[in-house]
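Next comes query-v8.txt, a file with compact mmCIF, C-alpha atoms and all ligand atoms.
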# COMPACT_ATOMS: atom_id res chain seq x y z
CA MET A 1 0.00 0.00 0.00
CA THR A 2 1.63 3.24 -1.06
CA GLY A 3 1.82 5.89 1.60
CA HIS A 4 0.66 3.49 4.31
CA GLY A 5 3.61 4.22 6.51
CA SER A 6 3.57 7.98 6.45
CA LEU A 7 1.84 11.21 7.40
CA ARG A 8 1.50 13.88 4.76
CA MET A 9 0.29 17.41 4.15
CA GLU A 10 -0.28 18.53 0.60
CA LYS A 11 -0.49 22.14 -0.53
CA LEU A 12 -1.90 23.04 2.81
CA CYS A 13 -3.08 26.57 3.55
CA TYR A 14 -4.10 27.67 7.01
CA SER A 15 -4.78 31.10 8.44
CA VAL A 16 -6.12 32.31 11.74
CA GLY A 17 -7.13 35.80 12.85
CA GLY A 18 -6.34 37.17 9.39
CA ARG A 19 -2.76 35.85 9.54
CA THR A 20 -1.43 33.22 7.14
CA ILE A 21 0.27 30.51 9.21
CA LEU A 22 0.90 28.02 6.38
CA GLN A 23 0.92 28.71 2.66
CA ASP A 24 0.96 25.81 0.16
CA PHE A 25 2.76 23.73 2.76
CA ASP A 26 3.95 20.27 1.70
CA PHE A 27 5.13 18.02 4.50
CA HIS A 28 6.03 14.36 4.73
CA LEU A 29 6.78 12.31 7.84
CA GLU A 30 7.98 8.88 6.78
CA ARG A 31 7.66 5.97 9.14
CA GLY A 32 11.03 5.34 10.79
CA VAL A 33 12.54 8.74 9.96
CA ASN A 34 12.57 10.94 13.04
CA ARG A 35 12.06 14.57 12.24
CA THR A 36 12.15 17.93 13.96
CA ILE A 37 10.30 21.01 12.78
CA LEU A 38 12.26 24.10 13.75
CA GLY A 39 11.07 27.67 13.77
CA VAL A 40 10.81 30.71 15.97
CA SER A 41 7.99 31.15 18.50
CA GLY A 42 4.70 31.83 16.76
CA ALA A 43 5.89 30.39 13.44
CA GLY A 44 3.13 27.79 13.42
CA LYS A 45 4.83 24.64 14.70
CA THR A 46 2.09 23.61 17.15
CA THR A 47 -0.45 24.39 14.44
CA ILE A 48 1.21 21.83 12.14
CA LEU A 49 0.86 19.11 14.79
CA LYS A 50 -2.81 19.95 15.34
CA LEU A 51 -3.48 19.88 11.60
CA LEU A 52 -1.76 16.48 11.27
CA LEU A 53 -3.96 15.16 14.08
CA GLY A 54 -7.10 16.53 12.47
CA LEU A 55 -7.74 18.83 15.44
CA LEU A 56 -7.80 21.80 13.05
CA GLU A 57 -9.26 21.98 9.53
CA PRO A 58 -7.11 23.53 6.80
CA ASP A 59 -8.50 26.32 4.60
CA SER A 60 -7.35 24.30 1.58
CA GLY A 61 -5.05 21.40 0.80
CA SER A 62 -5.11 18.07 2.59
CA VAL A 63 -3.77 15.87 5.38
CA HIS A 64 -3.20 12.14 4.90
CA ILE A 65 -2.66 9.45 7.52
CA GLY A 66 -1.28 6.59 5.50
CA ASP A 67 -3.68 6.07 2.61
CA LEU A 68 -6.55 7.97 4.18
CA CYS A 69 -7.18 11.63 3.42
CA ILE A 70 -8.68 12.92 6.68
CA THR A 71 -9.46 16.43 5.47
CA GLY A 72 -13.17 17.08 5.50
CA LEU A 73 -13.92 13.76 7.22
CA PRO A 74 -15.80 13.66 10.51
CA GLU A 75 -13.57 12.56 13.41
CA SER A 76 -15.44 9.26 13.69
CA ARG A 77 -14.18 8.29 10.21
CA PHE A 78 -10.49 8.59 11.07
CA ARG A 79 -10.48 7.70 14.77
CA GLU A 80 -8.80 4.34 14.10
CA GLN A 81 -6.06 5.91 11.96
CA ARG A 82 -5.51 8.68 14.49
CA LYS A 83 -4.92 6.13 17.22
CA ARG A 84 -1.60 5.44 15.50
CA ILE A 85 -0.51 8.96 16.53
CA ALA A 86 -0.01 10.26 20.06
CA ILE A 87 0.99 13.74 21.14
CA VAL A 88 2.84 15.01 24.16
CA PHE A 89 1.54 18.55 24.51
CA GLN A 90 3.88 21.34 25.52
CA GLY A 91 2.62 21.72 29.08
CA GLY A 92 2.03 17.99 29.47
CA ALA A 93 -1.71 18.69 29.81
CA LEU A 94 -2.18 16.22 32.67
CA PHE A 95 -5.53 16.14 34.47
CA ASP A 96 -4.84 17.69 37.88
CA SER A 97 -7.71 15.86 39.59
CA MET A 98 -6.48 12.42 38.54
CA SER A 99 -3.55 10.42 39.89
CA VAL A 100 -0.57 9.67 37.67
CA GLY A 101 -1.86 6.16 37.08
CA GLU A 102 -5.34 7.41 36.13
CA ASN A 103 -3.81 9.96 33.77
CA VAL A 104 -1.74 7.34 31.98
CA GLY A 105 -4.62 4.85 31.73
CA TYR A 106 -7.27 7.47 30.92
CA ARG A 107 -7.65 6.74 27.21
CA LEU A 108 -7.72 2.98 27.75
CA PHE A 109 -10.39 3.33 30.45
CA GLU A 110 -12.43 5.57 28.11
CA GLU A 111 -12.23 2.99 25.32
CA GLY A 112 -13.55 0.34 27.68
CA VAL A 113 -11.99 -2.52 25.76
CA LEU A 114 -9.40 -3.80 28.23
CA SER A 115 -9.97 -5.05 31.76
CA HIS A 116 -8.90 -2.90 34.71
CA ALA A 117 -6.19 -5.43 35.53
CA GLU A 118 -4.83 -5.28 31.99
CA ILE A 119 -4.89 -1.46 31.97
CA GLY A 120 -3.11 -1.44 35.35
CA ARG A 121 -0.39 -3.66 33.90
CA ILE A 122 0.08 -1.37 30.86
CA VAL A 123 0.13 1.76 33.06
CA ARG A 124 2.87 0.33 35.27
CA GLU A 125 4.86 -0.85 32.24
CA LYS A 126 4.74 2.63 30.60
CA LEU A 127 5.62 4.40 33.85
CA ARG A 128 8.54 2.01 34.30
CA PHE A 129 9.69 2.78 30.74
CA VAL A 130 9.85 6.52 31.48
CA GLY A 131 11.37 5.89 34.92
CA VAL A 132 8.63 7.21 37.21
CA GLU A 133 6.88 4.02 38.30
CA ALA A 134 7.10 5.17 41.94
CA ALA A 135 4.80 8.12 41.10
CA LEU A 136 1.84 5.83 40.25
CA ASN A 137 -0.42 7.12 43.04
CA LEU A 138 0.81 10.72 43.19
CA PHE A 139 -1.07 13.68 41.73
CA PRO A 140 0.36 16.06 39.09
CA ALA A 141 0.75 18.88 41.66
CA GLU A 142 3.19 16.66 43.57
CA LEU A 143 5.53 16.19 40.56
CA SER A 144 8.51 18.20 39.28
CA GLY A 145 8.40 19.64 35.75
CA GLY A 146 10.59 16.85 34.42
CA MET A 147 8.43 14.15 36.03
CA LYS A 148 5.28 15.71 34.57
CA LYS A 149 6.82 15.52 31.10
CA ARG A 150 7.69 11.88 31.64
CA VAL A 151 4.18 11.05 32.85
CA ALA A 152 2.79 12.85 29.80
CA ILE A 153 5.03 10.66 27.63
CA ALA A 154 3.87 7.51 29.46
CA ARG A 155 0.28 8.59 28.76
CA ALA A 156 1.08 9.06 25.06
CA LEU A 157 2.57 5.55 24.98
CA ALA A 158 -0.40 3.83 26.63
CA ALA A 159 -2.24 3.22 23.36
CA ASP A 160 0.93 1.90 21.66
CA PRO A 161 1.06 4.48 18.83
CA ASP A 162 3.35 4.28 15.78
CA TYR A 163 4.01 8.02 15.76
CA ILE A 164 4.65 10.26 18.75
CA PHE A 165 4.53 14.04 18.44
CA PHE A 166 6.50 16.09 20.95
CA ASP A 167 5.63 19.77 21.30
CA GLU A 168 8.63 21.60 22.82
CA PRO A 169 9.41 18.66 25.14
CA THR A 170 12.54 20.20 26.65
CA THR A 171 11.39 23.78 27.12
CA GLY A 172 11.76 24.80 30.76
CA LEU A 173 13.72 21.71 31.82
CA ASP A 174 17.16 21.75 33.46
CA PRO A 175 20.08 20.02 31.65
CA ILE A 176 19.41 16.67 33.34
CA GLY A 177 15.74 16.90 32.41
CA VAL A 178 16.70 17.67 28.81
CA TYR A 179 19.09 14.71 28.77
CA ASN A 180 16.38 12.40 30.13
CA ILE A 181 13.88 13.45 27.47
CA CYS A 182 16.42 13.03 24.64
CA ASN A 183 17.33 9.61 26.02
CA LEU A 184 13.66 8.62 26.19
CA MET A 185 13.06 9.73 22.60
CA GLN A 186 16.05 7.68 21.45
CA ARG A 187 14.76 4.59 23.30
CA LEU A 188 11.33 5.02 21.73
CA GLN A 189 12.94 5.26 18.30
CA ALA A 190 14.92 2.08 19.04
CA GLU A 191 11.57 0.39 19.80
CA GLY A 192 10.31 1.33 16.35
CA LYS A 193 8.33 4.49 17.12
CA THR A 194 8.62 7.43 14.74
CA THR A 195 9.02 10.76 16.52
CA LEU A 196 8.08 14.20 15.25
CA MET A 197 9.22 17.03 17.46
CA VAL A 198 8.61 20.73 17.15
CA THR A 199 11.03 22.95 18.99
CA HIS A 200 13.41 25.87 18.80
CA ASP A 201 15.98 23.88 20.84
CA LEU A 202 18.65 22.89 18.31
CA ALA A 203 20.66 20.66 20.65
CA THR A 204 17.62 18.48 21.39
CA ALA A 205 16.72 18.44 17.70
CA PHE A 206 20.17 17.30 16.58
CA ALA A 207 20.35 14.71 19.39
CA THR A 208 17.09 13.03 18.43
CA SER A 209 16.34 13.54 14.74
CA GLN A 210 17.71 12.65 11.32
CA ARG A 211 15.71 15.14 9.28
CA PHE A 212 14.89 18.79 9.85
CA THR A 213 12.22 21.08 8.52
CA PHE A 214 12.63 24.82 9.00
CA LEU A 215 9.40 26.77 9.06
CA HIS A 216 9.61 30.47 8.32
CA LYS A 217 6.86 32.91 7.33
CA ALA A 218 4.35 30.19 6.43
CA GLN A 219 6.84 28.38 4.16
CA MET A 220 9.17 25.42 4.42
CA LEU A 221 12.41 27.29 3.95
CA PHE A 222 14.65 24.27 4.45
CA GLU A 223 14.34 20.47 4.59
CA GLY A 224 17.32 18.18 5.06
CA SER A 225 19.87 16.48 7.29
CA GLU A 226 21.86 18.02 10.15
CA GLU A 227 24.92 18.35 7.89
CA GLU A 228 22.89 20.01 5.16
CA MET A 229 21.33 22.38 7.66
CA LYS A 230 24.66 23.31 9.20
CA HIS A 231 26.04 24.07 5.73
CA SER A 232 22.94 25.85 4.52
CA THR A 233 23.51 29.28 3.02
CA ILE A 234 19.88 30.33 3.45
CA PRO A 235 20.16 33.56 5.48
CA GLU A 236 17.19 32.80 7.76
CA VAL A 237 18.57 29.31 8.53
CA ARG A 238 22.00 30.79 9.30
CA GLU A 239 20.39 33.37 11.56
CA PHE A 240 18.52 30.62 13.40
CA LEU A 241 21.69 28.52 13.83
CA GLU A 242 24.17 31.24 14.69
CA PRO A 243 22.99 32.41 18.12
CA THR A 244 23.46 28.80 19.26
CA ASP A 245 27.00 28.70 17.80
CA ARG A 246 27.89 31.88 19.63
CA SER A 247 26.40 30.65 22.89
CA LEU A 248 29.11 27.95 22.93
CA PHE A 249 31.57 30.72 23.77
CA VAL A 250 29.55 32.38 26.51
N1 LIG B 301 -6.95 30.82 18.09
C1 LIG B 301 -6.06 31.69 17.58
N2 LIG B 301 -6.43 32.95 17.24
C2 LIG B 301 -5.53 33.81 16.72
N3 LIG B 301 -4.25 33.51 16.48
C3 LIG B 301 -3.83 32.28 16.79
C4 LIG B 301 -4.69 31.30 17.36
N4 LIG B 301 -3.98 30.17 17.55
C5 LIG B 301 -2.73 30.44 17.13
N5 LIG B 301 -2.64 31.70 16.69
C6 LIG B 301 -1.43 32.32 16.11
O1 LIG B 301 -0.90 31.44 15.16
C7 LIG B 301 0.51 31.53 15.13
C8 LIG B 301 1.13 30.16 15.18
O2 LIG B 301 0.89 29.59 16.45
P1 LIG B 301 1.62 28.27 16.93
O3 LIG B 301 1.37 27.18 15.96
O4 LIG B 301 1.19 28.05 18.33
O5 LIG B 301 3.17 28.69 16.86
P2 LIG B 301 4.44 27.97 17.47
O6 LIG B 301 4.02 26.65 18.02
O7 LIG B 301 5.42 27.86 16.34
O8 LIG B 301 4.98 28.88 18.54
C9 LIG B 301 0.91 32.41 16.31
O9 LIG B 301 1.31 33.66 15.81
C10 LIG B 301 -0.34 32.51 17.15
O10 LIG B 301 -0.38 33.76 17.77
MG MG B 302 4.00 25.96 19.93
Can the structure from this file be put into structure tokens for me?
Ligand SMILES: Nc1ncnc2c1ncn2[C@@H]1O[C@H](COP(=O)(O)OP(=O)(O)O)[C@@H](O)[C@H]1O
Ligand SMILES: [Mg+2]
Amino acid sequence: MTGHGSLRMEKLCYSVGGRTILQDFDFHLERGVNRTILGVSGAGKTTILKLLLGLLEPDSGSVHIGDLCITGLPESRFREQRKRIAIVFQGGALFDSMSVGENVGYRLFEEGVLSHAEIGRIVREKLRFVGVEAALNLFPAELSGGMKKRVAIARALAADPDYIFFDEPTTGLDPIGVYNICNLMQRLQAEGKTTLMVTHDLATAFATSQRFTFLHKAQMLFEGSEEEMKHSTIPEVREFLEPTDRSLFV
């Protein structure tokens, strides 16, 4: 089946509040090729993730999950396909009134397919994977920022997705927290998950991805490998890279 193992956007246009966020945007996330979308704050990175998940409708163009074009379809028609994709939202978006375990098992409980015992087993397994099994009965307010991120990742893993989206996963974390998240992403990739991250953190991007998309003024200004990006002569790409180069000398 052509296109089965990929997520795609074709000629996608999206604007909000009179501002064009994406203009004729073509995007391809191949299964097994971990990618980061880079761009300054407000460029439209989170918007791309929401469009790929079908949480937003484009003005024109289309989004495809494998062979299915989800644009214009009611959510009920692509629910099964969307289950292949999980997202770790920027703030973690945990439910404050639920324990860690309830947060991680939430979607499985909602689906009502698995027994409580089976869900409990999966919840513990995912929490163990991210290294916070001991937090099972704690509440989000009792967790550090780094732990919240890891619980949010465990929750994304509960439904065993093929693709995991990470929205600014390292923003606001200390160096150890950043290291832990990069390490987790690498372990997920080793288990066969495809990751798509959006961030302005170049170090995290280069540590976890093979391909890079640079979003600037509603366009894909660059697409390529780390080497290609580092040697790019596109002025906006250079400008994005250079403050990080200089910071090495601070
Ligand atoms: N509901 C909305 N109404 C008006 N503007 C919005 C809305 N949602 C997002 N935007 C604007 O869209 C742009 C892209 O947002 P976003 O995708 O969150 O950017 P990024 O994730 O790259 O920081 C921003 O300039 C933001 O202000
Ligand atoms: Mg964002």
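Between Gly39 (chain A) and the residues A:His200, A:Arg121, A:Arg211, A:Lys230, the shortest atom-to-atom distance, using only C-alpha atoms, involves A:His200.
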Throw together the list of residues within 10 Å of ligand LIG 301 (chain B), counting all atoms listed in the file, and drop it here as number ranges by chain. A: 14-22, 37-51, 90, 167-168, 198-200, 215-216, 218
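Using only C-alpha atoms, the shortest contact distance between Asn183 (chain A) and any of A:Ala154, A:Val100, A:Leu94, A:Val130 is found at A:Val130.
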Residues near Phe166 (chain A), anyone? I mean within 7 Å using only C-alpha atoms, not counting same-chain ones fewer than 4 positions away, as a short mmCIF file (atom, residue, chain, number, x, y, z; two decimals) with C-alpha atoms, keeping the file's coordinate frame.
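Below is the file result.cif, written as the result:
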data_model
loop_
_atom_site.label_atom_id
_atom_site.label_comp_id
_atom_site.auth_asym_id
_atom_site.auth_seq_id
_atom_site.Cartn_x
_atom_site.Cartn_y
_atom_site.Cartn_z
CA ILE A 87 0.99 13.74 21.14
CA VAL A 88 2.84 15.01 24.16
CA PHE A 89 1.54 18.55 24.51
CA LEU A 196 8.08 14.20 15.25
CA MET A 197 9.22 17.03 17.46
CA VAL A 198 8.61 20.73 17.15
#
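Restricting the calculation to all atoms listed in the file, the smallest distance between Leu138 (chain A) and any of A:Pro175, A:Val123, A:Asp96, A:Lys217 is found for A:Asp96.
Here CA of Gly32 (chain A) stands at a distance of 26.3 Å from CA of Arg124 (chain A).
Residue nearest ligand MG 302 (chain B), chosen from A:Leu241, A:Gly54, A:Leu127, A:Pro169 and counting only C-alpha atoms and all ligand atoms: A:Pro169.
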Here is a test: counting all atoms listed in the file, which residue of A:Ser97, A:Asn34, A:Gln186, A:Ser6 is nearest to His64 (chain A)? A:Ser6
Counting all atoms listed in the file, which residue out of A:Thr171, A:Leu55, A:Val113, A:Gly131 sits closest to ligand MG 302 (chain B)? A:Thr171
Edge lengths and centre in Å to one decimal, as AutoDock Vina command-line options, of the axis-aligned box that encloses all listed atoms of region 116-124 of chain A with 3 Å added on every side?
--center_x -3.0 --center_y -1.8 --center_z 33.2 --size_x 17.8 --size_y 13.2 --size_z 10.7
One-decimal distance in Å that lies between CA of Ala158 (chain A) and CA of Phe95 (chain A): 15.5 Å
May I have the residues within 6 Å of Leu12 (chain A) as a PyMOL selection string, using only C-alpha atoms and disregarding those fewer than 4 positions away in the same chain? chain A and resi 24-25+60-62
Those residues you just picked out, can you put them in a file as a PDB file, keeping the file's coordinate frame with C-alpha atoms?
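Okay, this is what ended up in result38.pdb:
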ATOM      1  CA  ASP A  24       0.960  25.810   0.160  1.00  0.00           C
ATOM      2  CA  PHE A  25       2.760  23.730   2.760  1.00  0.00           C
ATOM      3  CA  SER A  60      -7.350  24.300   1.580  1.00  0.00           C
ATOM      4  CA  GLY A  61      -5.050  21.400   0.800  1.00  0.00           C
ATOM      5  CA  SER A  62      -5.110  18.070   2.590  1.00  0.00           C
TER       6      SER A  62
END
Near Ile164 (chain A), within 10 Å and counting only C-alpha atoms, which residues show up once chain neighbours fewer than 5 positions away are dropped, as number ranges by chain? A: 34, 84-88, 153, 156-157, 185, 188-189, 193-197
Can you list, as an MDAnalysis selection string, every protein, DNA or RNA residue that comes within 12 Å of Pro140 (chain A) when you count all atoms listed in the file, leaving out same-chain residues fewer than 4 positions away? chainID A and resid 91:104 135:136 144:152
Saved selection, atoms kept: C-alpha atoms, as a compact mmCIF listing (two decimals), in the coordinates of the input:
# COMPACT_ATOMS: atom_id res chain seq x y z
CA GLY A 91 2.62 21.72 29.08
CA GLY A 92 2.03 17.99 29.47
CA ALA A 93 -1.71 18.69 29.81
CA LEU A 94 -2.18 16.22 32.67
CA PHE A 95 -5.53 16.14 34.47
CA ASP A 96 -4.84 17.69 37.88
CA SER A 97 -7.71 15.86 39.59
CA MET A 98 -6.48 12.42 38.54
CA SER A 99 -3.55 10.42 39.89
CA VAL A 100 -0.57 9.67 37.67
CA GLY A 101 -1.86 6.16 37.08
CA GLU A 102 -5.34 7.41 36.13
CA ASN A 103 -3.81 9.96 33.77
CA VAL A 104 -1.74 7.34 31.98
CA ALA A 135 4.80 8.12 41.10
CA LEU A 136 1.84 5.83 40.25
CA SER A 144 8.51 18.20 39.28
CA GLY A 145 8.40 19.64 35.75
CA GLY A 146 10.59 16.85 34.42
CA MET A 147 8.43 14.15 36.03
CA LYS A 148 5.28 15.71 34.57
CA LYS A 149 6.82 15.52 31.10
CA ARG A 150 7.69 11.88 31.64
CA VAL A 151 4.18 11.05 32.85
CA ALA A 152 2.79 12.85 29.80
Report the distance between CA of Arg155 (chain A) and CA of Thr170 (chain A) in Å, rounded to one decimal place. 17.0 Å
Would you list the residues near (-8.7, 11.1, 2.4) (no more than 12 Å away, in the coordinates of the file, using only C-alpha atoms) as JSON, numbers by chain? {"A": [3, 7, 8, 9, 10, 54, 61, 62, 63, 64, 65, 66, 67, 68, 69, 70, 71, 72, 73, 74, 77, 78, 81]}
